[in-house]
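Have a look at run.txt; it's compact mmCIF, C-alpha atoms:
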```txt
# COMPACT_ATOMS: atom_id res chain seq x y z
CA MET A 1 -203.44 -54.36 -207.64
CA ARG A 2 -203.12 -57.44 -205.54
CA GLY A 3 -206.44 -58.39 -203.97
CA GLY A 4 -208.33 -55.64 -205.81
CA ALA A 5 -211.15 -57.92 -206.95
CA ILE A 6 -211.89 -59.25 -203.46
CA PRO A 7 -213.85 -56.17 -202.21
CA ILE A 8 -215.77 -55.95 -205.49
CA LEU A 9 -216.77 -59.61 -205.28
CA ALA A 10 -217.75 -59.12 -201.62
CA TRP A 11 -219.86 -56.13 -202.66
CA GLY A 12 -221.50 -58.30 -205.32
CA THR A 13 -222.30 -60.93 -202.68
CA ILE A 14 -223.94 -58.32 -200.44
CA LEU A 15 -225.94 -57.08 -203.43
CA LEU A 16 -226.94 -60.67 -204.21
CA VAL A 17 -228.38 -61.13 -200.72
CA LEU A 18 -230.25 -57.83 -201.02
CA ALA A 19 -231.54 -58.73 -204.50
CA ILE A 20 -232.88 -62.06 -203.22
CA GLY A 21 -234.61 -60.21 -200.41
CA ASN A 22 -236.00 -57.75 -202.92
CA TRP A 23 -237.42 -60.57 -205.07
CA VAL A 24 -238.97 -62.26 -202.04
CA TRP A 25 -240.62 -59.28 -200.34
CA ASN A 26 -241.44 -56.98 -203.26
CA ASP A 27 -244.25 -57.58 -205.75
CA LYS A 28 -242.77 -55.35 -208.44
CA THR A 29 -240.78 -57.16 -211.11
CA ALA A 30 -238.90 -54.03 -212.17
CA ASP A 31 -237.35 -53.56 -208.72
CA GLY A 32 -236.12 -57.14 -208.55
CA ALA A 33 -234.81 -56.96 -212.10
CA ALA A 34 -232.89 -53.75 -211.33
CA ALA A 35 -231.34 -55.32 -208.23
CA SER A 36 -230.42 -58.44 -210.21
CA ALA A 37 -228.88 -56.32 -212.96
CA ALA A 38 -226.73 -54.58 -210.33
CA VAL A 39 -225.54 -57.98 -209.07
CA VAL A 40 -224.64 -59.11 -212.60
CA ILE A 41 -222.78 -55.85 -213.34
CA ILE A 42 -220.75 -55.91 -210.10
CA TYR A 43 -219.92 -59.62 -210.37
CA GLY A 44 -219.03 -59.11 -214.04
CA PHE A 45 -216.66 -56.29 -213.16
CA GLY A 46 -215.03 -58.35 -210.39
CA VAL A 47 -214.60 -61.38 -212.66
CA ALA A 48 -213.20 -59.14 -215.42
CA LEU A 49 -210.60 -57.79 -212.99
CA TRP A 50 -209.75 -61.33 -211.93
CA LEU A 51 -209.37 -62.54 -215.51
CA ALA A 52 -207.38 -59.47 -216.55
CA ARG A 53 -204.85 -60.04 -213.81
CA ARG A 54 -204.68 -63.15 -211.66
CA GLU A 55 -203.14 -61.20 -208.75
CA ALA A 56 -206.48 -59.42 -208.28
CA ILE A 57 -207.84 -62.36 -206.27
CA ARG A 58 -204.73 -63.12 -204.18
CA ARG A 59 -204.42 -61.76 -200.67
CA GLY A 60 -201.35 -60.22 -199.09
CA PRO A 61 -198.78 -57.68 -200.19
CA PRO A 62 -197.31 -57.79 -203.68
CA PRO A 63 -193.73 -58.93 -204.20
CA PRO A 64 -191.13 -56.18 -203.78
CA ARG A 65 -190.08 -54.26 -206.89
CA THR A 66 -186.42 -54.09 -207.82
CA ASP A 67 -186.57 -51.41 -210.52
CA ALA A 68 -186.38 -47.67 -209.86
CA GLU A 69 -189.72 -45.96 -209.40
CA ALA A 70 -190.17 -42.22 -209.75
CA VAL A 71 -192.42 -40.87 -206.99
CA PRO A 72 -193.03 -37.11 -207.19
CA GLN A 73 -193.19 -35.16 -203.94
CA ALA A 74 -195.44 -32.39 -205.27
CA SER A 75 -197.07 -31.39 -208.53
CA VAL A 76 -198.01 -27.80 -209.26
CA SER A 77 -199.90 -28.87 -212.36
CA ALA A 78 -202.12 -31.34 -210.48
CA MET A 79 -203.08 -28.63 -208.00
CA LEU A 80 -203.77 -26.14 -210.79
CA ILE A 81 -205.87 -28.67 -212.73
CA GLY A 82 -208.05 -29.19 -209.66
CA LEU A 83 -208.43 -25.47 -209.08
CA SER A 84 -209.21 -24.80 -212.74
CA VAL A 85 -211.92 -27.47 -212.85
CA GLY A 86 -213.47 -25.98 -209.70
CA CYS A 87 -213.24 -22.49 -211.15
CA ALA A 88 -214.84 -23.57 -214.44
CA LEU A 89 -217.68 -25.37 -212.63
CA PHE A 90 -218.27 -22.35 -210.44
CA GLY A 91 -218.25 -20.21 -213.60
CA LEU A 92 -221.01 -22.37 -215.10
CA ALA A 93 -223.32 -21.21 -212.35
CA TRP A 94 -222.22 -17.63 -211.79
CA ALA A 95 -220.04 -15.91 -214.39
CA LYS A 96 -218.76 -16.65 -217.86
CA PHE A 97 -215.44 -15.02 -216.96
CA LEU A 98 -214.72 -17.72 -214.39
CA LEU A 99 -215.59 -20.39 -216.93
CA TYR A 100 -213.18 -18.98 -219.52
CA PHE A 101 -210.51 -18.39 -216.88
CA GLY A 102 -210.87 -21.97 -215.61
CA ILE A 103 -210.56 -23.37 -219.14
CA ALA A 104 -207.45 -21.26 -219.82
CA VAL A 105 -205.80 -22.32 -216.56
CA PHE A 106 -206.71 -25.95 -217.31
CA VAL A 107 -204.98 -25.79 -220.71
CA LEU A 108 -201.87 -24.20 -219.18
CA SER A 109 -201.87 -26.78 -216.36
CA VAL A 110 -202.02 -29.69 -218.80
CA GLY A 111 -199.03 -28.15 -220.61
CA ARG A 112 -197.19 -27.93 -217.28
CA LEU A 113 -198.12 -31.56 -216.56
CA ILE A 114 -196.53 -32.63 -219.83
CA ILE A 115 -193.34 -30.78 -218.86
CA GLU A 116 -193.34 -32.48 -215.44
CA LEU A 117 -193.79 -35.92 -216.99
CA ARG A 118 -190.93 -35.33 -219.44
CA ALA A 119 -188.66 -34.19 -216.58
CA GLU A 120 -189.63 -37.29 -214.57
CA ARG A 121 -188.82 -39.55 -217.51
CA SER A 122 -185.40 -37.94 -218.07
CA THR A 123 -184.58 -38.15 -214.34
CA ARG A 124 -185.54 -41.82 -214.28
CA LYS A 125 -183.32 -42.53 -217.31
CA HIS A 126 -180.45 -40.67 -215.65
CA VAL A 127 -180.82 -42.64 -212.38
CA VAL A 128 -181.02 -45.97 -214.22
CA SER A 129 -177.91 -45.16 -216.27
CA GLU A 130 -176.01 -44.22 -213.07
CA GLU A 131 -177.03 -47.51 -211.44
CA GLU A 132 -175.80 -49.45 -214.46
CA HIS A 133 -172.37 -47.77 -214.25
CA ARG A 134 -171.92 -48.90 -210.64
```
Starting from the coordinates I provided, produce the structure as structure tokens.
Amino acid sequence: MRGGAIPILAWGTILLVLAIGNWVWNDKTADGAAASAAVVIIYGFGVALWLARREAIRRGPPPPRTDAEAVPQASVSAMLIGLSVGCALFGLAWAKFLLYFGIAVFVLSVGRLIIELRAERSTRKHVVSEEEHR
């Protein structure tokens, strides 16, 4: 993502200011150390994003893509996965039946997701081959 490291580095800077304030006004070493550890973790994550991909620090929109991109309009499996996770979590608190039902629907939904991904891949190959014939 272009510019994805910028908000993380800004968050790290805000945490740095708060950590300095914590060290100055608080007598407890553990609190200041925890705040400093948070700063190091957030800055480390932002720098890792920047080093992984140099576009993560650049502002503005990315360059336009020229290749075909498959964008699904709707996914039954994604909706069913969300419902099954909710059902299973609800079943943890109330009834074992809902837990087992949620797990079963989750397994079936992942199978449906695999079918959707295979259909997307074949459609993309078909569109690319038609564009090459033109």
| Nearby residues (only C-alpha atoms) at most 12 Å from Leu108 (chain A), same-chain spacing under 5 positions excluded, as a PyMOL selection string | chain A and resi 76-78+80-81+84+101-103+113-115
| field | Nearest candidate to Pro63 (chain A) (options A:Arg2, A:His126, A:Ser109, A:Ala104; using all atoms listed in the file) | value |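 Distance minimum relative to Pro63 (chain A) lands on A:Arg2.
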| message | Would you pick out the contacts of Gly32 (chain A) at 7 Å or less, using all atoms listed in the file, so that residues sharing its chain but fewer than 2 positions from it are not included, and give the list as JSON, numbers by chain? | response | {"A": [19, 22, 23, 28, 29, 30, 34, 35, 36]}
Based on the selection just made, write C-alpha atoms of those residues as an mmCIF file, in the frame of the given file.
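Dumped to part02.cif:
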```cif
data_model
loop_
_atom_site.group_PDB
_atom_site.id
_atom_site.type_symbol
_atom_site.label_atom_id
_atom_site.label_comp_id
_atom_site.auth_asym_id
_atom_site.auth_seq_id
_atom_site.Cartn_x
_atom_site.Cartn_y
_atom_site.Cartn_z
ATOM 1 C CA ALA A 19 -231.540 -58.730 -204.500
ATOM 2 C CA ASN A 22 -236.000 -57.750 -202.920
ATOM 3 C CA TRP A 23 -237.420 -60.570 -205.070
ATOM 4 C CA LYS A 28 -242.770 -55.350 -208.440
ATOM 5 C CA THR A 29 -240.780 -57.160 -211.110
ATOM 6 C CA ALA A 30 -238.900 -54.030 -212.170
ATOM 7 C CA ALA A 34 -232.890 -53.750 -211.330
ATOM 8 C CA ALA A 35 -231.340 -55.320 -208.230
ATOM 9 C CA SER A 36 -230.420 -58.440 -210.210
#
```
| field | Contacts of Gly3 (chain A) within 8 Å, all atoms listed in the file, excl. fewer than 5 positions in-chain, as a count of residues only | value | 6
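Using all atoms listed in the file, the shortest contact distance between Gly82 (chain A) and any of A:Trp25, A:Val105, A:Leu99, A:Ala48 is found at A:Val105.
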| query | Between A:His133, A:Gly4, A:Leu18, A:Arg124, which has the minimum distance to Pro61 (chain A) (counting all atoms listed in the file)? | reply |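 Once distances to Pro61 (chain A) are computed over all atoms listed in the file, the minimum belongs to A:Gly4.
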| request: With a distance cut-off of 12 Å and only C-alpha atoms, select the neighbouring residues of Val71 (chain A), excluding the residue or stretch itself and same-chain residues fewer than 3 positions from it, and output the selection as a ChimeraX atom specification. | output: /A:68,74-75,116-117,120-121,123-124
| message | I want to know what sits within 12 Å of Ala10 (chain A), based on all atoms listed in the file, with residues of the same chain fewer than 4 positions away left out; could you give that as a ChimeraX atom specification? | response | /A:3-6,14-17,39,42-43,45-47,57
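The gap separating CA of Phe90 (chain A) from CA of Gly111 (chain A) is 22.5 Å, in Å to one decimal.
CA of Cys87 (chain A) to CA of Val107 (chain A) spans 13.1 Å [interatomic distance, one decimal].
Residue nearest Val85 (chain A) within the list A:Phe106, A:Ile20, A:Leu49, A:Pro72: A:Phe106 [criterion: smallest interatomic distance, all atoms listed in the file].
Proximity of A:Ile8, A:Met79, A:Ala70, A:Ala95 to Ala119 (chain A), computed with all atoms listed in the file, is greatest for A:Ala70.
Minimum atom-to-atom distances from A:Gly12, A:Gly21, A:Pro62, A:Pro7 to Gly44 (chain A) were compared using all atoms listed in the file, and the lowest value belongs to A:Gly12.
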Atoms added to region 84-95 of chain A (all heavy atoms), reported as a PDB file, in the frame of the given file:
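Listed below is the output, out19.pdb:
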```
ATOM      1  N   SER A  84    -208.591 -25.278-211.501  1.00  0.00           N
ATOM      2  CA  SER A  84    -209.210 -24.800-212.740  1.00  0.00           C
ATOM      3  C   SER A  84    -210.543 -25.486-213.004  1.00  0.00           C
ATOM      4  O   SER A  84    -211.482 -24.848-213.480  1.00  0.00           O
ATOM      5  CB  SER A  84    -208.261 -25.001-213.917  1.00  0.00           C
ATOM      6  OG  SER A  84    -208.051 -26.380-214.168  1.00  0.00           O
ATOM      7  N   VAL A  85    -210.633 -26.769-212.686  1.00  0.00           N
ATOM      8  CA  VAL A  85    -211.920 -27.470-212.850  1.00  0.00           C
ATOM      9  C   VAL A  85    -212.956 -26.875-211.893  1.00  0.00           C
ATOM     10  O   VAL A  85    -214.103 -26.620-212.281  1.00  0.00           O
ATOM     11  CB  VAL A  85    -211.751 -28.987-212.633  1.00  0.00           C
ATOM     12  CG1 VAL A  85    -213.092 -29.675-212.503  1.00  0.00           C
ATOM     13  CG2 VAL A  85    -210.948 -29.588-213.758  1.00  0.00           C
ATOM     14  N   GLY A  86    -212.564 -26.612-210.657  1.00  0.00           N
ATOM     15  CA  GLY A  86    -213.470 -25.980-209.700  1.00  0.00           C
ATOM     16  C   GLY A  86    -213.888 -24.587-210.156  1.00  0.00           C
ATOM     17  O   GLY A  86    -215.060 -24.208-210.042  1.00  0.00           O
ATOM     18  N   CYS A  87    -212.945 -23.833-210.666  1.00  0.00           N
ATOM     19  CA  CYS A  87    -213.240 -22.490-211.150  1.00  0.00           C
ATOM     20  C   CYS A  87    -214.198 -22.540-212.344  1.00  0.00           C
ATOM     21  O   CYS A  87    -215.145 -21.747-212.431  1.00  0.00           O
ATOM     22  CB  CYS A  87    -211.937 -21.788-211.531  1.00  0.00           C
ATOM     23  SG  CYS A  87    -212.122 -20.078-212.004  1.00  0.00           S
ATOM     24  N   ALA A  88    -213.971 -23.449-213.268  1.00  0.00           N
ATOM     25  CA  ALA A  88    -214.840 -23.570-214.440  1.00  0.00           C
ATOM     26  C   ALA A  88    -216.247 -24.003-214.024  1.00  0.00           C
ATOM     27  O   ALA A  88    -217.244 -23.486-214.547  1.00  0.00           O
ATOM     28  CB  ALA A  88    -214.245 -24.545-215.440  1.00  0.00           C
ATOM     29  N   LEU A  89    -216.358 -24.940-213.091  1.00  0.00           N
ATOM     30  CA  LEU A  89    -217.680 -25.370-212.630  1.00  0.00           C
ATOM     31  C   LEU A  89    -218.403 -24.256-211.884  1.00  0.00           C
ATOM     32  O   LEU A  89    -219.619 -24.084-212.030  1.00  0.00           O
ATOM     33  CB  LEU A  89    -217.557 -26.618-211.753  1.00  0.00           C
ATOM     34  CG  LEU A  89    -217.143 -27.894-212.483  1.00  0.00           C
ATOM     35  CD1 LEU A  89    -216.937 -29.028-211.486  1.00  0.00           C
ATOM     36  CD2 LEU A  89    -218.163 -28.272-213.530  1.00  0.00           C
ATOM     37  N   PHE A  90    -217.676 -23.493-211.111  1.00  0.00           N
ATOM     38  CA  PHE A  90    -218.270 -22.350-210.440  1.00  0.00           C
ATOM     39  C   PHE A  90    -218.710 -21.312-211.465  1.00  0.00           C
ATOM     40  O   PHE A  90    -219.751 -20.668-211.322  1.00  0.00           O
ATOM     41  CB  PHE A  90    -217.269 -21.747-209.451  1.00  0.00           C
ATOM     42  CG  PHE A  90    -217.848 -20.715-208.537  1.00  0.00           C
ATOM     43  CD1 PHE A  90    -218.706 -21.085-207.521  1.00  0.00           C
ATOM     44  CD2 PHE A  90    -217.537 -19.376-208.696  1.00  0.00           C
ATOM     45  CE1 PHE A  90    -219.243 -20.140-206.664  1.00  0.00           C
ATOM     46  CE2 PHE A  90    -218.067 -18.428-207.848  1.00  0.00           C
ATOM     47  CZ  PHE A  90    -218.925 -18.806-206.824  1.00  0.00           C
ATOM     48  N   GLY A  91    -217.912 -21.157-212.537  1.00  0.00           N
ATOM     49  CA  GLY A  91    -218.250 -20.210-213.600  1.00  0.00           C
ATOM     50  C   GLY A  91    -219.483 -20.625-214.374  1.00  0.00           C
ATOM     51  O   GLY A  91    -220.175 -19.773-214.938  1.00  0.00           O
ATOM     52  N   LEU A  92    -219.779 -21.925-214.445  1.00  0.00           N
ATOM     53  CA  LEU A  92    -221.010 -22.370-215.100  1.00  0.00           C
ATOM     54  C   LEU A  92    -222.246 -21.810-214.411  1.00  0.00           C
ATOM     55  O   LEU A  92    -223.252 -21.515-215.057  1.00  0.00           O
ATOM     56  CB  LEU A  92    -221.079 -23.893-215.129  1.00  0.00           C
ATOM     57  CG  LEU A  92    -220.248 -24.606-216.186  1.00  0.00           C
ATOM     58  CD1 LEU A  92    -220.309 -26.104-215.972  1.00  0.00           C
ATOM     59  CD2 LEU A  92    -220.717 -24.251-217.578  1.00  0.00           C
ATOM     60  N   ALA A  93    -222.162 -21.670-213.100  1.00  0.00           N
ATOM     61  CA  ALA A  93    -223.320 -21.210-212.350  1.00  0.00           C
ATOM     62  C   ALA A  93    -223.370 -19.686-212.204  1.00  0.00           C
ATOM     63  O   ALA A  93    -224.445 -19.114-212.152  1.00  0.00           O
ATOM     64  CB  ALA A  93    -223.315 -21.842-210.962  1.00  0.00           C
ATOM     65  N   TRP A  94    -222.208 -19.030-212.158  1.00  0.00           N
ATOM     66  CA  TRP A  94    -222.220 -17.630-211.790  1.00  0.00           C
ATOM     67  C   TRP A  94    -221.739 -16.672-212.861  1.00  0.00           C
ATOM     68  O   TRP A  94    -222.383 -15.660-213.100  1.00  0.00           O
ATOM     69  CB  TRP A  94    -221.393 -17.417-210.518  1.00  0.00           C
ATOM     70  CG  TRP A  94    -222.002 -18.098-209.363  1.00  0.00           C
ATOM     71  CD1 TRP A  94    -221.615 -19.276-208.810  1.00  0.00           C
ATOM     72  CD2 TRP A  94    -223.156 -17.685-208.636  1.00  0.00           C
ATOM     73  NE1 TRP A  94    -222.444 -19.620-207.790  1.00  0.00           N
ATOM     74  CE2 TRP A  94    -223.413 -18.653-207.646  1.00  0.00           C
ATOM     75  CE3 TRP A  94    -224.006 -16.583-208.718  1.00  0.00           C
ATOM     76  CZ2 TRP A  94    -224.453 -18.555-206.748  1.00  0.00           C
ATOM     77  CZ3 TRP A  94    -225.042 -16.493-207.817  1.00  0.00           C
ATOM     78  CH2 TRP A  94    -225.262 -17.461-206.853  1.00  0.00           C
ATOM     79  N   ALA A  95    -220.593 -16.916-213.478  1.00  0.00           N
ATOM     80  CA  ALA A  95    -220.040 -15.910-214.390  1.00  0.00           C
ATOM     81  C   ALA A  95    -219.257 -16.581-215.505  1.00  0.00           C
ATOM     82  O   ALA A  95    -218.483 -17.494-215.268  1.00  0.00           O
ATOM     83  CB  ALA A  95    -219.132 -14.956-213.615  1.00  0.00           C
TER      84      ALA A  95
END
```
